[in-house]
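What follows is one structure encoded as C-alpha cells, with my remarks underneath.
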Amino acid sequence: MTKWVYRFGDGSAEGSAGDRNLLGGKGANLAEMSGLGLPVPPGLTITTDVCKWFYDHEKTYPDALKRQVDDALEWIGGLVSRGFGSADKPLLLSVRSGARASMPGMMDTVLNLGLNDETVNALAADAGDERFAYDSYRRFIQMYGSVVLGLDHEHFEEVLDDEKARLGHEFDTDLTASEWQGLITRYKALVKDELGEDFPQDPHEQLWGAIGAVFSSWMNARAITYRQLHNIPAAWGTAVNVQAMVFGNLGETSATGVAFTRNPSTGEKRLYGEFLVNAQGEDVVAGIRTPQDLTEAARIESGSDKPSLEKLMPETFREFVSICDRLEAHYSDMQDVEFTVERGKLWMLQTRSGKRTAKAALKIAVEMADEGVISSDEAVCRVEPGSLDQLLHPTIDPTARRDVIASGLPASPGAATGEIVFTSEEAVARVKEGRKVILVRVETSPEDIHGMHAAEGILTTRGGMTSHAAVVARGMGTPCVSGAGGLRVDLKNEQLITVSGTLKKGDVITLDGSAGQVIRGTVTMLQPELSGDFGRLMEWADVARRMKVRTNAETPADAKAARSFGAEGIGLCRTEHMFFEGKRIVAMREMILADTEKGRRAALAKLLPMQRSDFVELFDIMAGLPVTIRLLDPPLHEFLPKTDEEIDEVSAAMEVSADLLRERVDALHEFNPMLGHRGCRLAISYPEIAEMQARAIFEAAIQAGGKAGALVVPEIMVPLVGLKEELDFVKQRIDAVAREVMSENGSDFAYLVGTMIELPRAAIRAGAIAESAEFFSFGTNDLTQTTFGISRDDAASFLQVYQQKGIIERDPFVSLDIDGVGELVKLATTNGRGTRADIKLGICGEHGGDPASIHFCEATGLDYVSCSPFRVPIARLAAAQASIRKT
Ligand code: PEP
Ligand code: MG
C-alpha cells in the first residue's frame with residue numbers, strides 16, 4: 001500500500017532531510033530534527049504525491065489517506081496524552097504547507113485547529129487561563145474563516161474594531177475573557193450570515209477543510225506568480241504538515257522567536273535573532289510589539305532595556321544554543337530556525353538554510369571551509385555568482401527609504417546619485433565643474449560615449465538589456481536603468497516628466513541599476529568592500545574552473561579594470577567603439593560617408609595611427625594574454641551624423657558641402673540597419689577598411705611584443721559571417737597585409753583569424769566555415785536577435801509582457817535560450833570541432849556574464865567565456881561552479 005503519511009516526533013521519524021521532494025522542505029527538516037532527538041512537537045507530513053493526486057483526481061484524495069492520517073493522529077495523541085476531538089484533553093493542531101523549495105508567505109497556514117465550543121473550555125482549564133483560551137478560539141475562527149471558508153479577512157477585522165469601540169477598548173489586550181466570548185458569538189454569526197452554515201464544530205471536518213485549503217493554495221495566484229519568478233515547476237506540489245500545537249502565549253514563562261545561527265547580513269559567527277515573551281509566532285512577524293534580543297551581547301549593543309533570552313531563561317537559552325550549534329554542524333550550513341517555549345519547555349518548529357547577503361555568504365563559506373566543515377569546492381558553490389554584483393559597486397543601504405518615481409530594466413548594477421542632464425555635452429561640462437551627473441536620454445548612441453563616461457549613472461526611457469546604453473554602461477561599470485517607459489524626456493524644455501510630477505535639469509535623482517529603479521533625491525549608499533574573503537574564494541574558484549574567463553573591452557580603463565578582476569585576456573574588442581572620443585568620430589564618419597575609395601583611404605590614414613596606439617596599449621595591459629580584436633562592425637545608423645552641427649563638422653573635414661553630405665547620409669539610410677550594411681559586409685564592400693585595421697593590429701603586435709618581451713599572438717575576428725566565402729574573402733586581405741608587414745619589418749609573427757558565429761546560417765555551416773576559421777566566438781546577442789527574429793533594440797517592451805504572461809521565463813537577451821539558440825551553439829561546436837579538432841571556442845555575447853548561460857557553455861565544452869569587466873568575477877565563480885557540478 002502506498003505510504004501517503006510520514007510521522008515524526010519523540011526522537012524518531014519515518015522520513016529524513018533526504019526526502020525533501022516527497023515531504024517538502026519543512027516536513028523533511030522536521031523529520032530530520034526529530035530523528036536527531038531534538039524537541040519537535042510530534043506531527044505528520046502528508047506527501048507531495050497526495051498533492052499531485054489531488055489535482056489529478058478533481059480535488060479528491062486517495063482512499064487510504066484518511067486511515068493513515070487517523071492512525072498517525074492517534075499516535076501523536078498518545079505521545080502528548082491528548083486525543084483529537086476529545087472534549088476534556090483535546091489535541092490541538094497546526095496545519096502548514098511546505099513545498100520542496102521554500103515559498104515564504106505564498107501558501108496557507110491554520111493554527112489552533114480542533115478548538116470548538118467544547119474544547120475551548122478544556123483549553124481554558126488546562127491553561128488555567130480563560131482569556132487565553134477564548135483569544136485562541138477567536139483567532140482560529142478568524143484564520144479558518146478566511147483561509148478555509150474563503151471569507152474576507154476584513155469582515156472579521158471590522159467586527160473586532162466595532163466590538164472594541166463599543167466596549168471602549170483601544171488594544172486587543174484590553175479585552176477580557178467574557179468580552180472575547182462575546183466576539184466569538186459575533187464571529188460565528190458572521191460565518192452563518194455569509195455562508196448560510198454554522199462554523200464547523202467537528203475537529204475532523206475542520207482538519208480536512210484545512211488540508212484541502214493548503215493543497216488548494218498551491219494554485220492560488222500568489223503562489224503561481226512566485227513559482228514563475230523562481231522557476232519552480234507546478235508539478236512539484238506541496239506537502240501538508242500537521243503538528244501538535246505548542247503555545248508560546250501561555251504566560252511569562254512562554255515565548256516564541258526566530259534565529260539565524262550566524263548573522264545573515266555580515267556573516268559574523270554569532271547567534272542572531274529575536275523573541276517575544278507570551279506570544280505566538282505571528283506576533284513576531286506582525287511587528288506589533290518590539291521583539292527582544294536573544295543574547296546579552298546583542299542586547300548591550302542595541303541598547304535595549306528589555307532582558308535578553310540569555311538573561312530571562314538561562315537554561316532554555318543554553319539548550320537552544322546547543323541545538324543551534326548542532327543543527328549548523330549537522331547541515332554544514334548557517335540555519336534559520338523558529339522556536340517556541342511553552343512554560344519553560346523548548347520546542348523547535350523549523351530549520352532551514354538561512355538566506356543571506358552576498359557579503360555574509362562569502363564570509364560564511366570561507367570560514368566554514370577554514371573550520372573544516374566544508375571543502376573549498378563546496379565553499380565555491382555556496383555563493384550565488386550574480387550576488388557578487390552587490391560587492392563590486394556602491395549599493396543603496398537596504399535600510400534607506402526610497403522615493404521610487406519610475407522603474408525600468410536593471411541594465412547595469414550598482415547605484416549612483418547625481419544631477420539630471422539631458423545631453424552628453426552638458427554632462428561633461430558639469431563634471432568639469434566638479435559636479436556629479438546622471439545622463440538622461442531617450443536612448444544613447446555612440447556619440448554619447450563622452451557623456452556616458454562623465455556621468456555617474458545613465459537612465460534611458462527606451463531600449464532593452466542589450467541596448468547601446470546597457471551594453472556600454474555594463475562595460476564601464478556605470479550603473480544604468482534602461483527602458484524606463486513610465487518616464488518621458490522633454491528635451492526642448494529640459495524636463496523629465498514622471499507620473500507624479502516633473503523634474504528639471506539639475507534636480508537630483510538616484511539610480512539603482514541592480515533593481516532598475518529611479519529614485520527622487522539622494523539615498524544613503526554602502527561602498528564596495530573587496531575583503532580578504534572575496535580574494536580567497538576567488539582563488540578556490542580559479543583552481544576549480546576549466547573554462548577561461550576573458551573580458552569584452554576596448555578602452556585601456558576597461559581592460560585594466562578587467563585585469564584587476566582577474567580577466568585572462570580580451571575576448572572581444574569592438575573596434576568601432578574606439579572611434580567615439582574627441583575628433584575620432586569625425587574621421588570615422590568621413591570614412592563611412594566617403595563615396596570613393598580615395599576618400600575612404602584618406603580617412604583611414606587618419607585612423608590608422610590612433611588604432612595602432614590603442615592596440616599597443618591593450619596588448620601592453622594584457623601582457624601576452626590572448627587579445628581578440630574584431631574588425632569594424634558598425635550598424636550604420638549608430639554612426640551617421642544627425643544634427644546640423646555634426647554634419648557641418650564632417651563636411652568641413654571632408655571639404656564637401658553640407659548639402660552633398662546630407663544627400664549621402666540619406667543615401668546610406670537603412671530601413672533595418674541591424675540586418676543591413678554591417679559586419680563583414682562592410683569589409684567586402686570596402687576591403688581597405690579591413691586592411692587598415694589588420695595593419696594596425698600587426699604593427700601594434702610587433703611594437704608591443706618587442707617592448708613587453710611577451711609574445712603577442714593577436715586574434716583577428718571577422719563579424720557577422722554567414723557564408724564561408726565571406727570569411728575567405730576577408731581572410732585573404734588580412735593574410736596579404738600580414739605578409740606585407742612582415743616583409744616591411746623583416747619579422748615573422750603568429751596570428752589567428754577567426755569568426756563570430758552570430759547568424760543561424762553560420763551555425764548551420766560551421767563545419768565548412770571552420771575550414772578557414774581558426775577560432776569561433778559565439779556572438780549570442782546577434783544570434784539571439786536573428787534566431788528569434790526579435791530586434792535586440794526593441795525587445796524590452798514586449799518581452800516584459802511575455803514574461804508577465806508566462807510565455808517566456810527569462811529574457812533571452814539576458815540568459816541564453818538553451819533550447820533554441822543553445823542548439824545552434826551546440827551544432828556549431830560539434831561541426832566546428834569535426835573539421836578542426838583544436839578550434840578555439842568562446843562566447844562574447846552578453847550571455848558570457850550570465851551564470852545560467854555559463855553553465856551551458858561548460859556543458860557544451862567551450863574554451864572560454866568573455867564578458868564585461870565588472871562581470872569577470874561573476875563569470876569566474878559561475879564557471880567554477882559549472883566545473884564542480886559537472887564532476
Ligand atoms: C554579439 O552579437 O553577441 C556581439 C558580441 O556583438 P555585438 O554585441 O557587438 O553585436
Ligand atoms: Mg554582434
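Lettering and numbering for the C-alpha cells are positional, with chains as A, B, ... in the shown order, residues counted from 1 in each chain, and ligands counted from 1 in the shown order.
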
For this session: Please give me, as a VMD selection string, the residues lying within 6 Å of ligand 1 when counting only C-alpha atoms and all ligand atoms.
Result: chain A and resid 758 779 to 782 844 to 845

Problem set entry | Cut-off 12 Å, only C-alpha atoms and all ligand atoms, neighbours of ligand 2 as number ranges by chain | A: 466-468, 471, 572-574, 576, 630-635, 674-675, 678-680, 717-721, 755-759, 777-786, 792, 843-846

Contacts of Ala557 in chain A within 10 Å, only C-alpha atoms, excl. fewer than 6 positions in-chain, as a CSV table (one decimal) with C-alpha atoms, in the first residue's frame:
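After the write, around-v1.csv holds the following:
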```csv
chain,number,residue,atom,x,y,z
A,476,MET,CA,32.2,50.8,-18.0
A,563,ARG,CA,42.6,42.6,-15.4
A,618,LEU,CA,45.7,47.0,-25.0
A,621,ILE,CA,47.9,45.8,-20.5
A,869,PRO,CA,34.8,43.8,-16.8
```

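For the choices A:Gly27, A:Thr176, A:Arg441, A:Thr48, the atom-to-atom distance to Asn241 in chain A is smallest for A:Gly27 when using only C-alpha atoms.
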
For this session: Write out as JSON, numbers by chain the residues lying within 12 Å of Arg356 in chain A, counting only C-alpha atoms and excluding same-chain residues fewer than 3 positions away.
Result: {"A": [260, 261, 262, 263, 264, 265, 266, 267, 268, 333, 334, 335, 336, 353, 359, 360, 361, 362, 363, 364, 365, 382, 383, 384, 387]}

Selection file, N, CA and C atoms, as a tab-separated table (two decimals), in the first residue's frame:
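This is the output file out-v2.tsv:
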```
chain	number	residue	atom	x	y	z
A	260	PHE	N	18.98	33.11	13.47
A	260	PHE	CA	19.95	32.64	12.48
A	260	PHE	C	21.18	32.20	13.25
A	261	THR	N	21.80	31.10	12.82
A	261	THR	CA	22.97	30.64	13.57
A	261	THR	C	24.18	31.53	13.36
A	262	ARG	N	24.19	32.33	12.26
A	262	ARG	CA	25.21	33.38	12.09
A	262	ARG	C	24.48	34.62	11.57
A	263	ASN	N	25.13	35.74	11.66
A	263	ASN	CA	24.48	36.98	11.23
A	263	ASN	C	24.26	36.97	9.70
A	264	PRO	N	22.99	37.04	9.26
A	264	PRO	CA	22.73	36.90	7.82
A	264	PRO	C	23.12	38.14	7.00
A	265	SER	N	23.42	39.26	7.63
A	265	SER	CA	23.87	40.39	6.80
A	265	SER	C	25.38	40.54	6.79
A	266	THR	N	26.05	40.19	7.90
A	266	THR	CA	27.52	40.34	7.89
A	266	THR	C	28.23	38.99	7.80
A	267	GLY	N	27.54	37.92	8.17
A	267	GLY	CA	28.16	36.60	8.17
A	267	GLY	C	28.88	36.30	9.47
A	268	GLU	N	28.91	37.27	10.38
A	268	GLU	CA	29.63	37.07	11.63
A	268	GLU	C	29.12	35.83	12.37
A	333	ASP	N	25.75	24.14	7.32
A	333	ASP	CA	25.39	25.45	6.76
A	333	ASP	C	24.68	26.28	7.82
A	334	MET	N	24.71	27.59	7.60
A	334	MET	CA	24.02	28.51	8.50
A	334	MET	C	22.52	28.21	8.45
A	335	GLN	N	21.89	28.10	9.63
A	335	GLN	CA	20.47	27.75	9.69
A	335	GLN	C	19.62	28.92	10.16
A	336	ASP	N	18.38	28.90	9.68
A	336	ASP	CA	17.37	29.87	10.07
A	336	ASP	C	16.31	29.04	10.81
A	353	SER	N	18.15	26.29	5.59
A	353	SER	CA	19.33	27.09	5.25
A	353	SER	C	18.91	28.56	5.24
A	359	LYS	N	27.74	39.46	1.03
A	359	LYS	CA	28.87	39.62	1.93
A	359	LYS	C	28.88	38.50	2.98
A	360	ALA	N	27.69	38.23	3.52
A	360	ALA	CA	27.59	37.16	4.53
A	360	ALA	C	27.88	35.81	3.88
A	361	ALA	N	27.38	35.60	2.67
A	361	ALA	CA	27.58	34.31	2.00
A	361	ALA	C	29.08	34.03	1.84
A	362	LEU	N	29.82	35.07	1.45
A	362	LEU	CA	31.27	34.92	1.26
A	362	LEU	C	31.94	34.55	2.58
A	363	LYS	N	31.62	35.34	3.59
A	363	LYS	CA	32.28	35.15	4.89
A	363	LYS	C	31.96	33.76	5.45
A	364	ILE	N	30.70	33.40	5.38
A	364	ILE	CA	30.30	32.12	5.95
A	364	ILE	C	30.97	30.97	5.19
A	365	ALA	N	30.98	31.07	3.85
A	365	ALA	CA	31.58	29.99	3.05
A	365	ALA	C	33.06	29.84	3.37
A	382	ARG	N	28.69	27.68	-2.57
A	382	ARG	CA	27.75	28.29	-1.62
A	382	ARG	C	27.42	29.74	-1.95
A	383	VAL	N	28.19	30.36	-2.85
A	383	VAL	CA	27.97	31.78	-3.12
A	383	VAL	C	27.31	31.93	-4.49
A	384	GLU	N	26.22	32.67	-4.51
A	384	GLU	CA	25.47	32.91	-5.75
A	384	GLU	C	26.28	33.88	-6.61
A	387	SER	N	25.24	37.46	-7.11
A	387	SER	CA	25.21	38.31	-5.92
A	387	SER	C	26.53	39.08	-5.75
```

Problem set entry | alpha helix (DSSP H) residues, from DSSP on the backbone, in range 98-153 of chain A, as number ranges by chain | A: 119-127, 130-147, 153

Atoms kept (C-alpha atoms) for selection, written as a PDB file, in the first residue's frame:
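Listing of again-v6.pdb after writing:
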```pdb
ATOM      1  CA  THR A 119     -12.725  22.060  23.611  1.00  0.00           C
ATOM      2  CA  VAL A 120     -12.179  25.742  24.302  1.00  0.00           C
ATOM      3  CA  ASN A 121     -13.272  25.114  27.888  1.00  0.00           C
ATOM      4  CA  ALA A 122     -10.809  22.259  28.240  1.00  0.00           C
ATOM      5  CA  LEU A 123      -8.052  24.518  26.928  1.00  0.00           C
ATOM      6  CA  ALA A 124      -9.046  27.188  29.447  1.00  0.00           C
ATOM      7  CA  ALA A 125      -8.975  24.701  32.312  1.00  0.00           C
ATOM      8  CA  ASP A 126      -5.722  23.203  31.136  1.00  0.00           C
ATOM      9  CA  ALA A 127      -4.002  26.562  30.792  1.00  0.00           C
ATOM     10  CA  GLU A 130      -9.820  31.603  30.189  1.00  0.00           C
ATOM     11  CA  ARG A 131      -8.778  34.736  28.402  1.00  0.00           C
ATOM     12  CA  PHE A 132      -6.014  32.887  26.591  1.00  0.00           C
ATOM     13  CA  ALA A 133      -8.391  30.101  25.541  1.00  0.00           C
ATOM     14  CA  TYR A 134     -11.073  32.397  24.124  1.00  0.00           C
ATOM     15  CA  ASP A 135      -8.496  34.568  22.408  1.00  0.00           C
ATOM     16  CA  SER A 136      -7.074  31.392  20.753  1.00  0.00           C
ATOM     17  CA  TYR A 137     -10.564  30.283  19.689  1.00  0.00           C
ATOM     18  CA  ARG A 138     -11.421  33.617  18.091  1.00  0.00           C
ATOM     19  CA  ARG A 139      -8.041  33.636  16.302  1.00  0.00           C
ATOM     20  CA  PHE A 140      -8.847  30.175  14.990  1.00  0.00           C
ATOM     21  CA  ILE A 141     -12.300  31.205  13.702  1.00  0.00           C
ATOM     22  CA  GLN A 142     -10.752  34.228  12.042  1.00  0.00           C
ATOM     23  CA  MET A 143      -7.918  32.241  10.392  1.00  0.00           C
ATOM     24  CA  TYR A 144     -10.071  29.301   9.409  1.00  0.00           C
ATOM     25  CA  GLY A 145     -12.833  31.635   8.212  1.00  0.00           C
ATOM     26  CA  SER A 146     -10.569  33.399   5.779  1.00  0.00           C
ATOM     27  CA  VAL A 147      -8.187  30.584   4.743  1.00  0.00           C
ATOM     28  CA  HIS A 153     -10.323  38.736   6.400  1.00  0.00           C
TER      29      HIS A 153
END
```

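From CA of Lys311 in chain A back to CA of Glu296 in chain A, the distance works out to 6.9 Å.
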
For this session: Tell me which protein, DNA and RNA residues are within 10 Å of Ala329 in chain A, counting only C-alpha atoms, leaving out same-chain ones fewer than 6 positions away, and put them as a list in words.
Result: Ile323, Gln335, Met368, Val373 and Ile374 of chain A

Restricting it to N, CA and C atoms, dump the selection as a short mmCIF file (atom, residue, chain, number, x, y, z; two decimals), in the first residue's frame.
```cif
data_model
loop_
_atom_site.label_atom_id
_atom_site.label_comp_id
_atom_site.auth_asym_id
_atom_site.auth_seq_id
_atom_site.Cartn_x
_atom_site.Cartn_y
_atom_site.Cartn_z
N ILE A 323 21.42 23.44 20.57
CA ILE A 323 20.67 22.88 19.42
C ILE A 323 21.09 23.60 18.14
N GLN A 335 21.89 28.10 9.63
CA GLN A 335 20.47 27.75 9.69
C GLN A 335 19.62 28.92 10.16
N MET A 368 33.59 28.57 7.00
CA MET A 368 33.23 27.15 7.18
C MET A 368 34.29 26.25 6.53
N VAL A 373 34.52 22.43 8.00
CA VAL A 373 33.14 21.92 7.94
C VAL A 373 32.78 21.56 6.51
N ILE A 374 33.27 22.34 5.55
CA ILE A 374 33.00 22.06 4.13
C ILE A 374 34.32 22.15 3.36
#
```

For this session: Pull the strand (DSSP E) assignments for range 567-746 of chain A out of DSSP run on the backbone, and list those residues as an NGL selection string.
Result: :A and (570-574 or 627-630 or 715-718)

Preceding selection exported with N, CA and C atoms as a PDB file, in the first residue's frame:
```
ATOM      1  N   ILE A 570      41.425  39.342 -23.635  1.00  0.00           N
ATOM      2  CA  ILE A 570      40.258  40.040 -24.185  1.00  0.00           C
ATOM      3  C   ILE A 570      39.590  39.103 -25.179  1.00  0.00           C
ATOM      4  N   GLY A 571      38.290  38.907 -25.004  1.00  0.00           N
ATOM      5  CA  GLY A 571      37.557  38.025 -25.906  1.00  0.00           C
ATOM      6  C   GLY A 571      36.863  38.793 -27.001  1.00  0.00           C
ATOM      7  N   LEU A 572      36.691  40.089 -26.775  1.00  0.00           N
ATOM      8  CA  LEU A 572      36.046  40.916 -27.799  1.00  0.00           C
ATOM      9  C   LEU A 572      36.468  42.365 -27.604  1.00  0.00           C
ATOM     10  N   CYS A 573      37.182  42.863 -28.614  1.00  0.00           N
ATOM     11  CA  CYS A 573      37.473  44.298 -28.645  1.00  0.00           C
ATOM     12  C   CYS A 573      36.657  44.839 -29.802  1.00  0.00           C
ATOM     13  N   ARG A 574      35.629  45.618 -29.483  1.00  0.00           N
ATOM     14  CA  ARG A 574      34.752  46.149 -30.530  1.00  0.00           C
ATOM     15  C   ARG A 574      35.407  47.408 -31.090  1.00  0.00           C
ATOM     16  N   VAL A 627      44.343  38.345 -27.068  1.00  0.00           N
ATOM     17  CA  VAL A 627      43.502  39.519 -27.328  1.00  0.00           C
ATOM     18  C   VAL A 627      42.801  39.299 -28.665  1.00  0.00           C
ATOM     19  N   THR A 628      41.484  39.262 -28.637  1.00  0.00           N
ATOM     20  CA  THR A 628      40.707  39.096 -29.863  1.00  0.00           C
ATOM     21  C   THR A 628      40.187  40.455 -30.307  1.00  0.00           C
ATOM     22  N   ILE A 629      40.610  40.860 -31.491  1.00  0.00           N
ATOM     23  CA  ILE A 629      40.183  42.165 -31.997  1.00  0.00           C
ATOM     24  C   ILE A 629      39.214  41.932 -33.150  1.00  0.00           C
ATOM     25  N   ARG A 630      38.071  42.541 -33.048  1.00  0.00           N
ATOM     26  CA  ARG A 630      37.058  42.347 -34.087  1.00  0.00           C
ATOM     27  C   ARG A 630      37.137  43.473 -35.100  1.00  0.00           C
ATOM     28  N   GLU A 715      44.430  37.832 -32.256  1.00  0.00           N
ATOM     29  CA  GLU A 715      43.369  37.035 -32.864  1.00  0.00           C
ATOM     30  C   GLU A 715      42.449  38.016 -33.579  1.00  0.00           C
ATOM     31  N   ILE A 716      42.403  37.905 -34.891  1.00  0.00           N
ATOM     32  CA  ILE A 716      41.578  38.848 -35.657  1.00  0.00           C
ATOM     33  C   ILE A 716      40.242  38.183 -35.958  1.00  0.00           C
ATOM     34  N   MET A 717      39.181  38.888 -35.608  1.00  0.00           N
ATOM     35  CA  MET A 717      37.845  38.280 -35.682  1.00  0.00           C
ATOM     36  C   MET A 717      36.974  39.008 -36.702  1.00  0.00           C
ATOM     37  N   VAL A 718      36.374  38.209 -37.569  1.00  0.00           N
ATOM     38  CA  VAL A 718      35.525  38.769 -38.620  1.00  0.00           C
ATOM     39  C   VAL A 718      34.058  38.646 -38.179  1.00  0.00           C
TER      40      VAL A 718
END
```

For this session: Excluding Gly848 in chain A and residues on its chain fewer than 6 positions from it, collect all residues at most 6 Å away from it, counting only C-alpha atoms, and give them as a PyMOL selection string.
Result: chain A and resi 865-867

Neighbour list for Gly43 in chain A as a PDB file with N, CA, C and O atoms, in the first residue's frame, cut-off 8 Å, only C-alpha atoms, skip fewer than 2 positions in-chain:
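Just written: result17.pdb:
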```
ATOM      1  N   ARG A   7       5.325  10.048   9.759  1.00  0.00           N
ATOM      2  CA  ARG A   7       5.229  10.582  11.131  1.00  0.00           C
ATOM      3  C   ARG A   7       6.594  11.054  11.630  1.00  0.00           C
ATOM      4  O   ARG A   7       7.628  10.546  11.194  1.00  0.00           O
ATOM      5  N   PHE A   8       6.559  11.986  12.576  1.00  0.00           N
ATOM      6  CA  PHE A   8       7.789  12.390  13.261  1.00  0.00           C
ATOM      7  C   PHE A   8       7.446  12.819  14.682  1.00  0.00           C
ATOM      8  O   PHE A   8       6.320  13.285  14.936  1.00  0.00           O
ATOM      9  N   GLY A   9       8.407  12.666  15.593  1.00  0.00           N
ATOM     10  CA  GLY A   9       8.186  13.099  16.971  1.00  0.00           C
ATOM     11  C   GLY A   9       8.803  12.120  17.953  1.00  0.00           C
ATOM     12  O   GLY A   9       9.082  10.964  17.585  1.00  0.00           O
ATOM     13  N   PRO A  41       7.592  19.233  18.263  1.00  0.00           N
ATOM     14  CA  PRO A  41       6.230  18.773  18.554  1.00  0.00           C
ATOM     15  C   PRO A  41       5.865  17.666  17.560  1.00  0.00           C
ATOM     16  O   PRO A  41       6.106  17.828  16.365  1.00  0.00           O
ATOM     17  N   THR A  45       3.402  14.318   8.135  1.00  0.00           N
ATOM     18  CA  THR A  45       3.506  15.040   6.867  1.00  0.00           C
ATOM     19  C   THR A  45       2.744  14.263   5.810  1.00  0.00           C
ATOM     20  O   THR A  45       2.981  13.057   5.632  1.00  0.00           O
ATOM     21  N   ALA A  72      -2.052   8.127  12.424  1.00  0.00           N
ATOM     22  CA  ALA A  72      -0.943   8.989  12.848  1.00  0.00           C
ATOM     23  C   ALA A  72      -1.404   9.943  13.954  1.00  0.00           C
ATOM     24  O   ALA A  72      -0.670  10.207  14.910  1.00  0.00           O
ATOM     25  N   LEU A  73      -2.650  10.431  13.851  1.00  0.00           N
ATOM     26  CA  LEU A  73      -3.163  11.352  14.871  1.00  0.00           C
ATOM     27  C   LEU A  73      -3.288  10.634  16.218  1.00  0.00           C
ATOM     28  O   LEU A  73      -3.023  11.209  17.275  1.00  0.00           O
ATOM     29  N   ILE A  76       0.135  10.459  17.623  1.00  0.00           N
ATOM     30  CA  ILE A  76       0.536  11.770  18.160  1.00  0.00           C
ATOM     31  C   ILE A  76      -0.149  12.013  19.502  1.00  0.00           C
ATOM     32  O   ILE A  76       0.476  12.416  20.489  1.00  0.00           O
ATOM     33  N   ASN A 241       1.918  19.724   6.536  1.00  0.00           N
ATOM     34  CA  ASN A 241       2.423  19.305   7.837  1.00  0.00           C
ATOM     35  C   ASN A 241       1.382  19.568   8.916  1.00  0.00           C
ATOM     36  O   ASN A 241       0.910  20.697   9.058  1.00  0.00           O
ATOM     37  N   VAL A 242       1.011  18.525   9.621  1.00  0.00           N
ATOM     38  CA  VAL A 242       0.027  18.640  10.706  1.00  0.00           C
ATOM     39  C   VAL A 242       0.769  18.312  12.003  1.00  0.00           C
ATOM     40  O   VAL A 242       1.380  17.244  12.112  1.00  0.00           O
ATOM     41  N   GLN A 243       0.748  19.251  12.942  1.00  0.00           N
ATOM     42  CA  GLN A 243       1.600  19.097  14.119  1.00  0.00           C
ATOM     43  C   GLN A 243       0.835  19.449  15.388  1.00  0.00           C
ATOM     44  O   GLN A 243      -0.030  20.340  15.354  1.00  0.00           O
ATOM     45  N   ALA A 244       1.186  18.781  16.479  1.00  0.00           N
ATOM     46  CA  ALA A 244       0.581  19.152  17.765  1.00  0.00           C
ATOM     47  C   ALA A 244       0.945  20.602  18.066  1.00  0.00           C
ATOM     48  O   ALA A 244       2.098  20.986  17.935  1.00  0.00           O
TER      49      ALA A 244
END
```

Problem set entry | Counting only C-alpha atoms, the option among A:Ile697, A:Gln228, A:Gly209, A:His204 closest to Gly806 in chain A |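 Looking at the shortest contact to Gly806 in chain A, the residue is A:Gln228.
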
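Closest approach to Val80 in chain A from the set A:Glu590, A:Glu426, A:Glu179, A:Asp10 is made by A:Asp10, with distances taken over only C-alpha atoms.
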